[in-house]
$ cat start12.txt   # compact mmCIF, C-alpha atoms
# COMPACT_ATOMS: atom_id res chain seq x y z
CA MET A 225 -9.01 12.86 19.76
CA ALA A 226 -6.19 10.34 19.51
CA TRP A 227 -3.99 12.67 21.59
CA THR A 228 -6.64 12.96 24.35
CA VAL A 229 -7.11 9.20 24.51
CA LYS A 230 -3.38 8.74 24.92
CA LYS A 231 -3.22 11.08 27.90
CA ARG A 232 -6.19 9.52 29.68
CA THR A 233 -5.46 5.84 29.15
CA ASN A 234 -1.70 5.87 28.55
CA LEU A 235 -1.96 4.03 25.26
CA THR A 236 1.24 3.25 23.39
CA SER A 237 2.02 4.68 19.96
CA PHE A 238 1.33 1.32 18.33
CA GLN A 239 -2.07 1.00 20.03
CA ILE A 240 -3.06 4.51 18.91
CA ILE A 241 -2.16 3.65 15.30
CA ILE A 242 -4.31 0.49 15.47
CA LEU A 243 -7.25 2.31 17.06
CA GLY A 244 -6.90 5.22 14.63
CA PHE A 245 -7.17 3.01 11.55
CA SER A 246 -9.99 0.96 13.11
CA GLY A 247 -11.97 4.08 14.03
CA VAL A 248 -11.69 5.63 10.57
CA ILE A 249 -12.71 2.33 8.93
CA LEU A 250 -15.77 1.97 11.16
CA LEU A 251 -16.84 5.58 10.64
CA GLY A 252 -16.36 5.26 6.88
CA ALA A 253 -18.41 2.05 6.81
CA LEU A 254 -21.28 3.72 8.66
CA VAL A 255 -21.30 6.75 6.33
CA LEU A 256 -21.28 4.50 3.26
CA MET A 257 -24.37 2.75 4.60
CA LEU A 258 -26.40 5.94 4.19
CA PRO A 259 -28.81 5.98 1.20
CA VAL A 260 -27.12 9.13 -0.13
CA SER A 261 -23.90 7.15 -0.60
CA SER A 262 -25.33 4.76 -3.18
CA ALA A 263 -26.40 5.69 -6.70
CA ALA A 264 -29.72 3.87 -6.20
CA GLY A 265 -30.45 5.77 -2.97
CA GLN A 266 -30.65 2.59 -0.89
CA VAL A 267 -29.04 1.43 2.33
CA THR A 268 -25.96 -0.67 1.64
CA PRO A 269 -25.43 -3.70 3.94
CA PHE A 270 -22.78 -3.18 6.62
CA ARG A 271 -20.78 -6.20 5.42
CA ASP A 272 -20.33 -4.50 2.05
CA THR A 273 -19.53 -1.05 3.42
CA LEU A 274 -17.06 -2.51 5.94
CA PHE A 275 -15.23 -4.26 3.11
CA THR A 276 -15.19 -1.10 0.99
CA ALA A 277 -14.09 1.17 3.87
CA THR A 278 -11.33 -1.25 4.88
CA SER A 279 -10.13 -1.48 1.29
CA ALA A 280 -10.10 2.34 1.00
CA VAL A 281 -8.39 3.15 4.31
CA CYS A 282 -5.91 0.32 3.80
CA VAL A 283 -5.38 1.67 0.24
CA THR A 284 -6.01 -1.73 -1.32
CA GLY A 285 -8.59 -1.39 -4.09
CA LEU A 286 -10.43 -4.70 -3.80
CA VAL A 287 -14.17 -4.04 -4.16
CA VAL A 288 -17.44 -5.94 -3.93
CA HIS A 289 -19.32 -3.26 -5.91
CA ASP A 290 -18.12 -1.32 -8.93
CA THR A 291 -17.06 2.08 -7.61
CA ALA A 292 -18.28 4.06 -10.63
CA THR A 293 -21.76 2.58 -10.99
CA TYR A 294 -22.80 1.52 -7.49
CA TRP A 295 -21.74 4.55 -5.44
CA SER A 296 -23.10 8.07 -5.86
CA THR A 297 -20.79 11.06 -6.23
CA PHE A 298 -21.12 11.56 -2.47
CA GLY A 299 -20.20 7.92 -1.85
CA GLN A 300 -17.23 8.23 -4.19
CA ALA A 301 -16.13 11.36 -2.33
CA VAL A 302 -16.31 9.47 0.97
CA ILE A 303 -14.18 6.71 -0.51
CA LEU A 304 -11.69 9.28 -1.80
CA VAL A 305 -11.39 10.88 1.66
CA LEU A 306 -10.82 7.45 3.20
CA ILE A 307 -8.13 6.75 0.60
CA GLN A 308 -6.41 10.06 1.36
CA ILE A 309 -6.47 9.44 5.11
CA GLY A 310 -5.23 5.89 4.65
CA GLY A 311 -2.52 6.93 2.22
CA MET A 312 -1.02 9.68 4.36
CA GLY A 313 -1.78 7.83 7.59
CA VAL A 314 -4.40 8.49 10.25
CA ILE A 315 -1.87 9.92 12.70
CA THR A 316 -0.32 12.17 10.03
CA VAL A 317 -3.73 13.61 9.17
CA ALA A 318 -4.61 14.12 12.85
CA ALA A 319 -1.25 15.78 13.51
CA SER A 320 -1.68 18.04 10.48
CA ILE A 321 -5.07 19.23 11.76
CA ALA A 322 -3.54 19.90 15.18
CA MET A 323 -0.67 21.86 13.59
CA ILE A 324 -3.04 23.93 11.44
CA SER A 325 -5.18 24.75 14.48
CA GLY A 326 -2.08 26.06 16.27
CA LYS A 327 -1.90 23.38 18.98
CA LYS A 328 1.48 22.41 20.37
CA ILE A 329 2.68 18.87 19.70
CA SER A 330 3.96 17.19 22.86
CA LEU A 331 6.93 14.83 23.01
CA MET A 332 4.66 11.79 23.42
CA GLN A 333 2.61 12.89 20.41
CA ARG A 334 5.79 13.34 18.39
CA SER A 335 6.75 9.78 19.32
CA THR A 336 3.44 8.54 17.93
CA MET A 337 4.01 10.53 14.74
CA GLN A 338 7.48 9.01 14.46
CA GLU A 339 6.07 5.47 14.57
CA ALA A 340 3.28 6.35 12.12
CA ILE A 341 5.57 7.67 9.37
CA ALA A 342 8.51 5.33 10.12
CA ALA A 343 10.82 8.25 10.87
CA PRO A 344 14.29 7.30 12.16
CA GLN A 345 14.09 9.73 15.10
CA VAL A 346 11.70 12.01 16.96
CA GLY A 347 13.66 15.14 16.11
CA GLY A 348 12.32 16.92 13.04
CA VAL A 349 9.17 14.76 12.85
CA VAL A 350 6.84 17.82 12.87
CA ARG A 351 8.73 19.39 9.97
CA LEU A 352 8.65 16.05 8.13
CA THR A 353 4.88 15.77 8.66
CA GLY A 354 4.40 19.20 7.11
CA PHE A 355 6.58 18.15 4.19
CA ILE A 356 4.46 15.01 3.71
CA VAL A 357 1.19 16.96 3.59
CA ARG A 358 2.49 19.65 1.22
CA THR A 359 4.18 17.15 -1.09
CA THR A 360 1.10 14.92 -1.22
CA LEU A 361 -1.27 17.74 -2.17
CA VAL A 362 1.06 19.23 -4.79
CA ILE A 363 1.78 15.91 -6.51
CA GLU A 364 -1.87 14.84 -6.53
CA LEU A 365 -3.05 18.14 -7.99
CA LEU A 366 -0.29 18.04 -10.60
CA GLY A 367 -1.24 14.50 -11.61
CA ALA A 368 -4.91 15.49 -11.87
CA ALA A 369 -4.03 18.52 -14.01
CA VAL A 370 -2.08 16.40 -16.51
CA MET A 371 -4.80 13.73 -16.82
CA ALA A 372 -7.72 16.18 -16.92
CA PRO A 373 -7.53 17.04 -20.67
CA VAL A 374 -7.66 13.37 -21.65
CA LEU A 375 -10.50 12.48 -19.28
CA CYS A 376 -12.48 15.66 -20.05
CA ARG A 377 -12.22 14.74 -23.73
CA ASP A 378 -13.90 11.41 -22.98
CA PHE A 379 -16.25 12.28 -20.10
CA GLY A 380 -16.87 16.02 -20.35
CA LEU A 381 -16.72 18.10 -17.17
CA ARG A 382 -16.98 14.94 -15.07
CA GLY A 383 -13.47 14.24 -16.30
CA LEU A 384 -12.20 16.82 -13.79
CA TRP A 385 -13.60 14.77 -10.90
CA MET A 386 -12.29 11.56 -12.44
CA ALA A 387 -8.82 13.08 -12.91
CA LEU A 388 -8.66 14.10 -9.24
CA PHE A 389 -10.03 10.75 -8.06
CA HIS A 390 -7.54 8.70 -10.08
CA SER A 391 -4.63 10.95 -9.16
CA VAL A 392 -5.28 10.56 -5.43
CA SER A 393 -5.97 6.84 -5.84
CA ALA A 394 -2.73 6.31 -7.78
CA PHE A 395 -0.48 8.37 -5.49
CA CYS A 396 -1.94 6.64 -2.42
CA ASN A 397 -1.43 3.28 -4.19
CA ALA A 398 -5.13 2.51 -3.70
CA GLY A 399 -6.26 1.21 -7.09
CA PHE A 400 -9.87 2.44 -6.91
CA ASP A 401 -11.14 3.65 -10.28
CA LEU A 402 -14.22 5.24 -11.86
CA MET A 403 -14.03 3.52 -15.25
CA GLY A 404 -16.90 1.14 -14.56
CA THR A 405 -19.28 3.26 -16.63
CA GLN A 406 -17.57 1.81 -19.71
CA ALA A 407 -17.49 -1.77 -18.37
CA PRO A 408 -17.88 -2.93 -14.75
CA TYR A 409 -14.59 -3.60 -12.93
CA SER A 410 -12.65 -2.67 -16.08
CA SER A 411 -10.00 -0.49 -14.36
CA LEU A 412 -7.82 1.27 -16.98
CA VAL A 413 -8.15 -1.31 -19.75
CA ALA A 414 -9.69 1.29 -22.08
CA TYR A 415 -6.52 3.40 -21.76
CA ALA A 416 -4.00 0.61 -22.39
CA ALA A 417 -2.57 2.50 -25.39
CA ASP A 418 -2.78 6.02 -23.93
CA PRO A 419 0.73 7.23 -23.01
CA VAL A 420 -0.54 10.14 -20.88
CA ILE A 421 -2.77 8.09 -18.57
CA ASN A 422 -0.24 5.25 -18.38
CA GLY A 423 2.68 7.58 -17.73
CA VAL A 424 0.97 9.70 -15.10
CA ILE A 425 -0.52 6.75 -13.22
CA MET A 426 2.82 4.89 -13.21
CA ALA A 427 4.69 8.00 -12.05
CA LEU A 428 2.21 8.61 -9.22
CA ILE A 429 2.42 4.98 -8.09
CA VAL A 430 6.22 5.01 -8.02
CA VAL A 431 6.46 8.41 -6.32
CA GLY A 432 3.93 7.40 -3.66
CA GLY A 433 5.54 3.99 -3.15
CA ILE A 434 9.14 5.17 -2.69
CA GLY A 435 8.36 6.85 0.61
CA PHE A 436 8.37 10.36 2.04
CA LEU A 437 11.65 9.85 3.90
CA THR A 438 13.36 9.08 0.61
CA TRP A 439 11.86 12.13 -1.08
CA ASP A 440 12.92 14.29 1.86
CA ASP A 441 16.45 12.96 1.29
CA VAL A 442 16.18 13.76 -2.43
CA ARG A 443 14.91 17.27 -1.65
CA ALA A 444 17.79 17.91 0.74
CA ASN A 445 20.63 16.47 -1.39
CA GLY A 446 19.41 16.73 -4.98
CA TRP A 447 21.60 14.78 -7.41
CA HIS A 448 24.42 14.29 -4.88
CA LEU A 449 23.76 10.57 -4.51
CA ARG A 450 26.73 9.98 -2.19
CA ARG A 451 25.10 12.21 0.42
CA TYR A 452 21.92 10.12 0.53
CA LYS A 453 21.18 8.11 3.65
CA MET A 454 21.93 4.43 3.34
CA GLN A 455 18.21 3.56 3.52
CA SER A 456 17.41 5.88 0.61
CA LYS A 457 20.12 4.27 -1.50
CA VAL A 458 18.78 0.79 -0.71
CA ILE A 459 15.20 1.82 -1.51
CA LEU A 460 16.08 3.48 -4.82
CA THR A 461 18.30 0.58 -5.93
CA THR A 462 15.80 -2.12 -4.98
CA THR A 463 12.91 -0.20 -6.55
CA ALA A 464 14.80 0.23 -9.82
CA ILE A 465 15.54 -3.51 -10.00
CA LEU A 466 11.95 -4.46 -9.16
CA LEU A 467 10.67 -2.17 -11.90
CA ALA A 468 13.11 -3.16 -14.63
CA ALA A 469 13.38 -6.94 -14.24
CA PRO A 470 9.61 -7.74 -14.28
CA ALA A 471 9.08 -5.30 -17.16
CA VAL A 472 11.62 -7.23 -19.24
CA TYR A 473 9.90 -10.52 -18.40
CA PHE A 474 6.42 -9.23 -19.27
CA TYR A 475 7.69 -7.79 -22.55
CA LEU A 476 9.46 -11.00 -23.61
CA PHE A 477 6.91 -13.58 -22.47
CA GLU A 478 3.53 -11.85 -22.11
CA PHE A 479 1.36 -9.51 -24.23
CA GLN A 480 2.90 -10.83 -27.46
CA ASP A 481 -0.37 -10.26 -29.35
CA LEU A 482 -0.33 -6.51 -28.63
CA PRO A 483 1.10 -3.86 -30.98
CA MET A 484 4.61 -2.69 -30.06
CA LYS A 485 3.49 0.54 -28.37
CA GLU A 486 0.82 -1.16 -26.27
CA ARG A 487 3.16 -4.04 -25.47
CA ILE A 488 5.80 -1.69 -24.05
CA LEU A 489 3.24 0.28 -22.04
CA ALA A 490 1.55 -2.89 -20.75
CA SER A 491 4.88 -4.42 -19.72
CA LEU A 492 5.95 -1.31 -17.84
CA PHE A 493 2.53 -0.85 -16.24
CA GLN A 494 2.31 -4.47 -15.13
CA SER A 495 5.70 -4.23 -13.43
CA VAL A 496 4.67 -1.05 -11.58
CA THR A 497 1.08 -1.67 -10.51
CA PRO A 498 1.55 -4.78 -8.30
CA ARG A 499 3.65 -2.65 -5.90
CA THR A 500 1.01 -1.85 -4.61
CA ALA A 501 -1.50 0.11 -6.67
CA GLY A 502 -4.07 -2.28 -8.09
CA PHE A 503 -4.81 -0.66 -11.45
CA ASN A 504 -4.60 -2.83 -14.54
CA THR A 505 -4.56 -2.11 -18.27
CA VAL A 506 -4.78 -5.74 -19.38
CA ASP A 507 -6.94 -8.75 -18.55
CA LEU A 508 -5.08 -10.40 -15.66
CA THR A 509 -6.76 -13.75 -16.29
CA ALA A 510 -5.04 -13.84 -19.69
CA ILE A 511 -1.58 -13.70 -18.13
CA SER A 512 0.22 -17.05 -17.94
CA GLU A 513 0.70 -18.87 -14.63
CA PRO A 514 4.38 -17.83 -14.37
CA GLY A 515 3.29 -14.24 -14.95
CA GLN A 516 0.68 -14.52 -12.20
CA TYR A 517 3.27 -15.97 -9.80
CA ILE A 518 5.63 -13.08 -10.55
CA THR A 519 2.75 -10.67 -9.93
CA ILE A 520 2.07 -12.38 -6.59
CA MET A 521 5.73 -11.99 -5.63
CA LEU A 522 5.66 -8.27 -6.49
CA MET A 523 2.41 -7.79 -4.54
CA LEU A 524 3.92 -9.35 -1.42
CA ILE A 525 7.06 -7.19 -1.63
CA GLY A 526 5.10 -3.96 -2.03
CA GLY A 527 6.53 -0.48 -1.63
CA SER A 528 8.98 1.17 0.78
CA PRO A 529 8.81 2.21 4.45
CA GLY A 530 7.08 5.50 5.22
CA SER A 531 5.21 5.44 1.91
CA THR A 532 1.59 5.14 0.82
CA ALA A 533 2.23 1.55 -0.28
CA GLY A 534 1.78 -1.68 1.61
CA GLY A 535 3.48 -5.06 1.44
CA MET A 536 6.43 -6.38 3.42
CA LYS A 537 8.51 -3.50 1.95
CA THR A 538 11.53 -3.29 -0.34
CA THR A 539 13.92 -2.83 2.57
CA THR A 540 12.76 -6.11 4.12
CA LEU A 541 13.63 -7.96 0.91
CA ALA A 542 16.95 -6.13 0.59
CA VAL A 543 17.99 -6.91 4.18
CA LEU A 544 17.14 -10.61 3.79
CA LEU A 545 19.02 -10.90 0.49
CA ALA A 546 22.02 -9.03 1.89
CA THR A 547 22.01 -11.26 4.97
CA ALA A 548 21.97 -14.38 2.79
CA LEU A 549 24.82 -12.95 0.71
CA ALA A 550 26.82 -12.20 3.86
CA THR A 551 26.24 -15.78 5.04
CA PHE A 552 27.42 -17.18 1.71
CA ARG A 553 30.57 -15.08 1.99
CA ARG A 554 31.02 -16.07 5.66
CA LYS A 555 30.76 -12.44 6.76
CA GLU A 556 29.73 -11.73 10.32
CA ASP A 557 27.52 -8.71 9.57
CA THR A 558 25.02 -7.60 6.94
CA HIS A 559 26.01 -4.34 5.30
CA PHE A 560 24.98 -1.86 2.59
CA TYR A 561 27.09 0.89 1.05
CA GLY A 562 29.78 0.71 3.72
CA ARG A 563 27.30 0.64 6.61
CA ARG A 564 26.63 -2.29 8.98
CA ILE A 565 23.06 -3.39 9.69
CA ASP A 566 22.08 -3.99 13.30
CA GLY A 567 21.15 -7.57 14.21
CA ASP A 568 17.71 -6.48 15.45
CA VAL A 569 16.88 -5.16 11.98
CA VAL A 570 17.69 -8.56 10.48
CA LYS A 571 15.47 -10.28 13.05
CA ASN A 572 12.63 -7.85 12.34
CA ALA A 573 12.99 -8.44 8.59
CA ALA A 574 12.87 -12.22 9.06
CA THR A 575 9.81 -11.90 11.31
CA ILE A 576 7.98 -9.63 8.87
CA PHE A 577 8.77 -11.97 5.98
CA LEU A 578 7.48 -15.01 7.89
CA MET A 579 4.32 -13.17 8.94
CA TYR A 580 3.45 -12.03 5.42
CA ILE A 581 4.16 -15.43 3.91
CA SER A 582 2.05 -17.14 6.59
CA LEU A 583 -0.86 -14.72 6.20
CA PHE A 584 -0.65 -15.01 2.42
CA PHE A 585 -0.52 -18.81 2.34
CA PHE A 586 -3.11 -19.62 5.00
CA GLY A 587 -5.43 -16.87 3.77
CA GLY A 588 -5.30 -18.31 0.26
CA LEU A 589 -5.67 -21.85 1.58
CA PHE A 590 -8.83 -21.08 3.57
CA ILE A 591 -10.39 -19.12 0.71
CA SER A 592 -9.69 -22.03 -1.65
CA LEU A 593 -11.28 -24.51 0.77
CA LEU A 594 -14.31 -22.31 1.48
CA GLU A 595 -15.03 -21.24 -2.10
CA GLY A 596 -13.81 -24.28 -4.05
CA LEU A 597 -11.48 -22.08 -6.10
CA PRO A 598 -8.14 -23.09 -7.64
CA MET A 599 -5.27 -22.54 -5.22
CA LEU A 600 -3.47 -20.11 -7.53
CA THR A 601 -6.57 -17.92 -7.83
CA SER A 602 -7.05 -17.90 -4.06
CA LEU A 603 -3.38 -17.13 -3.41
CA PHE A 604 -3.57 -14.27 -5.90
CA GLU A 605 -6.51 -12.70 -4.00
CA ALA A 606 -4.79 -13.27 -0.64
CA ALA A 607 -1.54 -11.69 -1.86
CA SER A 608 -3.49 -8.74 -3.25
CA ALA A 609 -5.18 -8.22 0.12
CA VAL A 610 -2.21 -8.63 2.47
CA GLY A 611 -0.02 -6.59 0.11
CA THR A 612 -2.80 -3.94 -0.04
CA VAL A 613 -2.67 -4.05 -3.84
CA GLY A 614 -6.19 -4.49 -5.20
CA LEU A 615 -5.48 -6.60 -8.28
CA THR A 616 -7.95 -9.44 -8.72
CA LEU A 617 -8.68 -12.29 -11.07
CA GLY A 618 -12.35 -11.32 -10.90
CA VAL A 619 -13.49 -13.45 -7.95
CA THR A 620 -13.62 -10.90 -5.09
CA PRO A 621 -17.25 -9.77 -5.71
CA THR A 622 -18.39 -13.41 -5.74
CA LEU A 623 -16.80 -14.45 -2.44
CA GLY A 624 -18.86 -15.52 0.54
CA LEU A 625 -19.10 -13.70 3.88
CA VAL A 626 -16.32 -15.67 5.62
CA SER A 627 -13.92 -15.28 2.70
CA ARG A 628 -14.59 -11.55 2.61
CA GLY A 629 -13.85 -11.47 6.33
CA ILE A 630 -10.50 -13.13 5.65
CA LEU A 631 -9.67 -10.50 3.04
CA ILE A 632 -10.69 -7.69 5.43
CA ALA A 633 -8.34 -9.08 8.07
CA LEU A 634 -5.52 -9.46 5.54
CA MET A 635 -5.98 -5.89 4.26
CA PHE A 636 -5.93 -4.46 7.77
CA LEU A 637 -2.87 -6.44 8.85
CA GLY A 638 -1.13 -5.63 5.61
CA ARG A 639 -1.66 -1.89 6.05
CA VAL A 640 -0.93 -1.35 9.74
CA GLY A 641 1.89 -3.89 9.69
CA GLY A 642 2.13 -7.15 11.55
CA LEU A 643 4.82 -5.91 13.92
CA THR A 644 2.69 -2.89 14.83
CA LEU A 645 -0.14 -5.20 15.84
CA ILE A 646 2.19 -7.44 17.87
CA PHE A 647 3.89 -4.51 19.60
CA ALA A 648 0.45 -3.05 20.38
CA ALA A 649 -0.70 -6.33 21.96
CA LEU A 650 2.53 -6.97 23.87
CA SER A 651 3.26 -3.40 24.90
CA GLU A 652 3.49 -4.26 28.59
CA VAL A 653 6.11 -6.98 28.14
CA GLN A 654 9.36 -5.81 29.70
CA LYS A 655 12.76 -6.76 28.35
CA ASN A 656 14.41 -9.50 30.39
CA LEU A 657 18.04 -8.66 31.09
CA SER A 658 18.93 -12.20 32.14
CA LYS A 659 19.83 -14.73 29.45
CA LEU A 660 19.52 -18.50 29.24
CA PRO A 661 22.53 -20.74 28.54
CA ARG A 662 23.49 -20.91 24.83
CA GLU A 663 23.50 -24.15 22.84
CA LYS A 664 24.00 -24.74 19.13
CA ILE A 665 21.32 -26.10 16.81
CA THR A 666 21.89 -27.30 13.26
CA VAL A 667 19.88 -25.64 10.49
CA GLY A 668 19.83 -26.28 6.75

$ encode --input "start12.txt" --output "C-alpha cells"
Amino acid sequence: MAWTVKKRTNLTSFQIIILGFSGVILLGALVLMLPVSSAAGQVTPFRDTLFTATSAVCVTGLVVHDTATYWSTFGQAVILVLIQIGGMGVITVAASIAMISGKKISLMQRSTMQEAIAAPQVGGVVRLTGFIVRTTLVIELLGAAVMAPVLCRDFGLRGLWMALFHSVSAFCNAGFDLMGTQAPYSSLVAYAADPVINGVIMALIVVGGIGFLTWDDVRANGWHLRRYKMQSKVILTTTAILLAAPAVYFYLFEFQDLPMKERILASLFQSVTPRTAGFNTVDLTAISEPGQYITIMLMLIGGSPGSTAGGMKTTTLAVLLATALATFRRKEDTHFYGRRIDGDVVKNAATIFLMYISLFFFGGLFISLLEGLPMLTSLFEAASAVGTVGLTLGVTPTLGLVSRGILIALMFLGRVGGLTLIFAALSEVQKNLSKLPREKITVG
C-alpha cells in the first residue's frame, strides 16, 4: 500500500515513514476498541486505545491499563503484533511482505527502505532487510525458549505465551509485560533474583538496541574487530561504557539493602533497561534523586541507529563528545578510529540533541503545570516517552487527557525521529547554492 501511495502522489521516503507509523497506530487503536480486545468484553475508549497503540508501535511501554489484567488474550496479541511492527519498522515489514509475495522492489522503494533502517547506502538494502527479519525471528524464538521453563513453572501452559510475549517485547525494546496478574503494573519485580529471566531480558534488550547494521558487521567480520566499520566500533564502544558505568553507580550507591546476588542483578538490569526497554525489577520510586537523574540521562540517550530502540542514539552522543574533545584540542575535524566525520553529521547531531532536550524539558514542564506534579517526576515521564522507554514513577495511568496527549506526541516523535518529521514537512525546500557574507559571532 505504501508503495502504491508513493507512485500516485510522489511522496518522499520520510513522508511514507510518517504515514506508515501513523496508519498502523490508528488501525491498532481501532482494533483495540473492539469488545473482544478487553478482558471484560467492553468497548475501550479511543483515547485509551490510541495511547496504548502509540506506545506499542513506538515500542515505549507506557500504559494507562495493566496489560495482563485489562486486555484479553486477543488484545494482548494485537499489542504484540503492533510491538513487532514498530520494532522492525513499518517499512521493513511492508518490504518483507512484498519480497515474500515475489514482487520486485523498485529503486524508489529501496530508497525508502534505506531511510527506514538507517542503511548507509541503497545497495544491498534488500539483502539487509531479509537479514533483519530472519535475525529478529530467530533471536525472539530463542529468547522465548530459554524463558519458557521458568514461566511455565509459575504459570503453567500460559507460560509459553508469556515467554513469547516478553521475548518480543524485550528484543523490540518495548517494555510491555504480562506480570500484572501478580500485582498491577509490577513489571518484572517478582523475578528480581532470577538469573535466567534477568539474563535473557538484558541480553535481548542489548541485542535489539545495538542495531541491525552493527550485527550485520559482526556477522560479516566475526572477531576481526579491525575490519568493523567505524560506526560499528563507535556503537559497541559507547554501548559498553553506557552499560558499565551506570551499573557501577547503581551497585555502589543504590540497592544497598538487597542481598549480594540481587544487588548485582538489579544494578546490571537498571543500567540496561533505560536504553530503551522499560522493564524494571525494582521499585523506581525508591531510587534516590541522583539515581533517577542518571536514569533520565540514559533514557534520553537510548539505543543505536537502525535498531529497535529509541532515544537520540549512542552515535549522537559520541559525535557531540568527540566534537567537544576536538575543540578542546584545537583540532579542525571530529574523528573516530582514524576516520574524519563530515561537518553535516556534526550539525545533525547537534540538532537532534537540541530537539530531544527541548521536547523532554517542555513536555515535562507542561505535564508538571497541568497535573501539579513535582518537576522531577514529570521530567522522568517525559524522558521515558520521548526516549520510547516505558519506565514510570507510577503516574502515567493517573494523568489527564491533555497530559496523555503530550506523552503520545513525545512517543511518536521519539520513535520516528525529529529529523524525519522535519525532512517530511520541508521536503520541497531546495538547497540554495548562493551564500550570504560571513561574519564572526562570539560564543561561550

$ residues_around --input "start12.txt" --residues "Ile363 (chain A)" --least-positions-apart "3" --cutoff "12 Å" --atoms "only C-alpha atoms" --output "list in words"
Phe355, Ile356, Val357, Arg358, Thr359, Thr360, Leu366, Gly367, Ala368, Ala369, Val370, Leu388, Ser391, Val392, Ser393, Ala394, Phe395, Cys396, Val424, Ile425, Ala427, Leu428, Ile429, Val430, Val431 and Gly432 of chain A

$ residues_around --input "start12.txt" --residues "region 530-541 of chain A" --least-positions-apart "6" --cutoff "6 Å" --atoms "all atoms listed in the file" --output "list in words"
Gly311, Ile341, Ala342, Cys396, Asn397, Gly432, Gly433, Gly435, Phe436, Thr500, Leu524, Ala573, Gly611, Thr612 and Arg639 of chain A

$ write_last_selection --input "start12.txt" --atoms "C-alpha atoms" --output "CSV table (one decimal), in the frame of the given file"
chain,number,residue,atom,x,y,z
A,311,GLY,CA,-2.5,6.9,2.2
A,341,ILE,CA,5.6,7.7,9.4
A,342,ALA,CA,8.5,5.3,10.1
A,396,CYS,CA,-1.9,6.6,-2.4
A,397,ASN,CA,-1.4,3.3,-4.2
A,432,GLY,CA,3.9,7.4,-3.7
A,433,GLY,CA,5.5,4.0,-3.2
A,435,GLY,CA,8.4,6.8,0.6
A,436,PHE,CA,8.4,10.4,2.0
A,500,THR,CA,1.0,-1.8,-4.6
A,524,LEU,CA,3.9,-9.4,-1.4
A,573,ALA,CA,13.0,-8.4,8.6
A,611,GLY,CA,0.0,-6.6,0.1
A,612,THR,CA,-2.8,-3.9,0.0
A,639,ARG,CA,-1.7,-1.9,6.0

$ axis_aligned_box --input "start12.txt" --around "region 556-559 of chain A" --padding-each-side "8 Å" --output "AutoDock Vina command-line options"
--center_x 27.4 --center_y -8.0 --center_z 7.8 --size_x 20.7 --size_y 23.4 --size_z 21.0

$ residues_around --input "start12.txt" --residues "region 449-460 of chain A" --least-positions-apart "6" --cutoff "10 Å" --atoms "all atoms listed in the file" --output "ChimeraX atom specification"
/A:434-435,437-442,466,527-529,537-539,542-543,559-564

$ atom_distance --input "start12.txt" --atom1 "CA of Ser411 (chain A)" --atom2 "CA of Gly618 (chain A)"
11.6 Å

$ atom_distance --input "start12.txt" --atom1 "CA of Tyr580 (chain A)" --atom2 "CA of Met599 (chain A)"
17.3 Å

$ closest_residue --input "start12.txt" --among "A:Leu625, A:Met403, A:Ile581, A:Ala471" --to "Asp290 (chain A)" --atoms "only C-alpha atoms"
A:Met403

$ atom_distance --input "start12.txt" --atom1 "CA of Val267 (chain A)" --atom2 "CA of Gly299 (chain A)"
11.7 Å

$ closest_residue --input "start12.txt" --among "A:Ile576, A:Ala633, A:Val350, A:Met426" --to "Phe503 (chain A)" --atoms "all atoms listed in the file"
A:Met426

$ residues_around --input "start12.txt" --residues "Met579 (chain A)" --least-positions-apart "4" --cutoff "10 Å" --atoms "all atoms listed in the file" --output "list of chain:residue names"
A:Met536, A:Ala573, A:Ala574, A:Thr575, A:Leu583, A:Phe584, A:Phe585, A:Leu637, A:Gly638, A:Gly641, A:Gly642, A:Leu643

$ closest_residue --input "start12.txt" --among "A:Thr551, A:Thr505, A:Thr497, A:Thr273" --to "Pro419 (chain A)" --atoms "all atoms listed in the file"
A:Thr505

$ residues_near_point --input "start12.txt" --point "(-11.7, -6.0, 1.4)" --cutoff "9 Å" --atoms "all atoms listed in the file" --output "list of chain:residue names"
A:Asp272, A:Leu274, A:Phe275, A:Thr276, A:Ala277, A:Thr278, A:Ser279, A:Ala280, A:Cys282, A:Thr284, A:Gly285, A:Leu286, A:Val287, A:Val288, A:Ala609, A:Gly614, A:Thr620, A:Arg628, A:Gly629, A:Ile630, A:Leu631, A:Ile632, A:Ala633, A:Leu634, A:Met635, A:Phe636

$ closest_residue --input "start12.txt" --among "A:Phe479, A:Trp295, A:Pro498, A:Asn572" --to "Ile511 (chain A)" --atoms "only C-alpha atoms"
A:Phe479
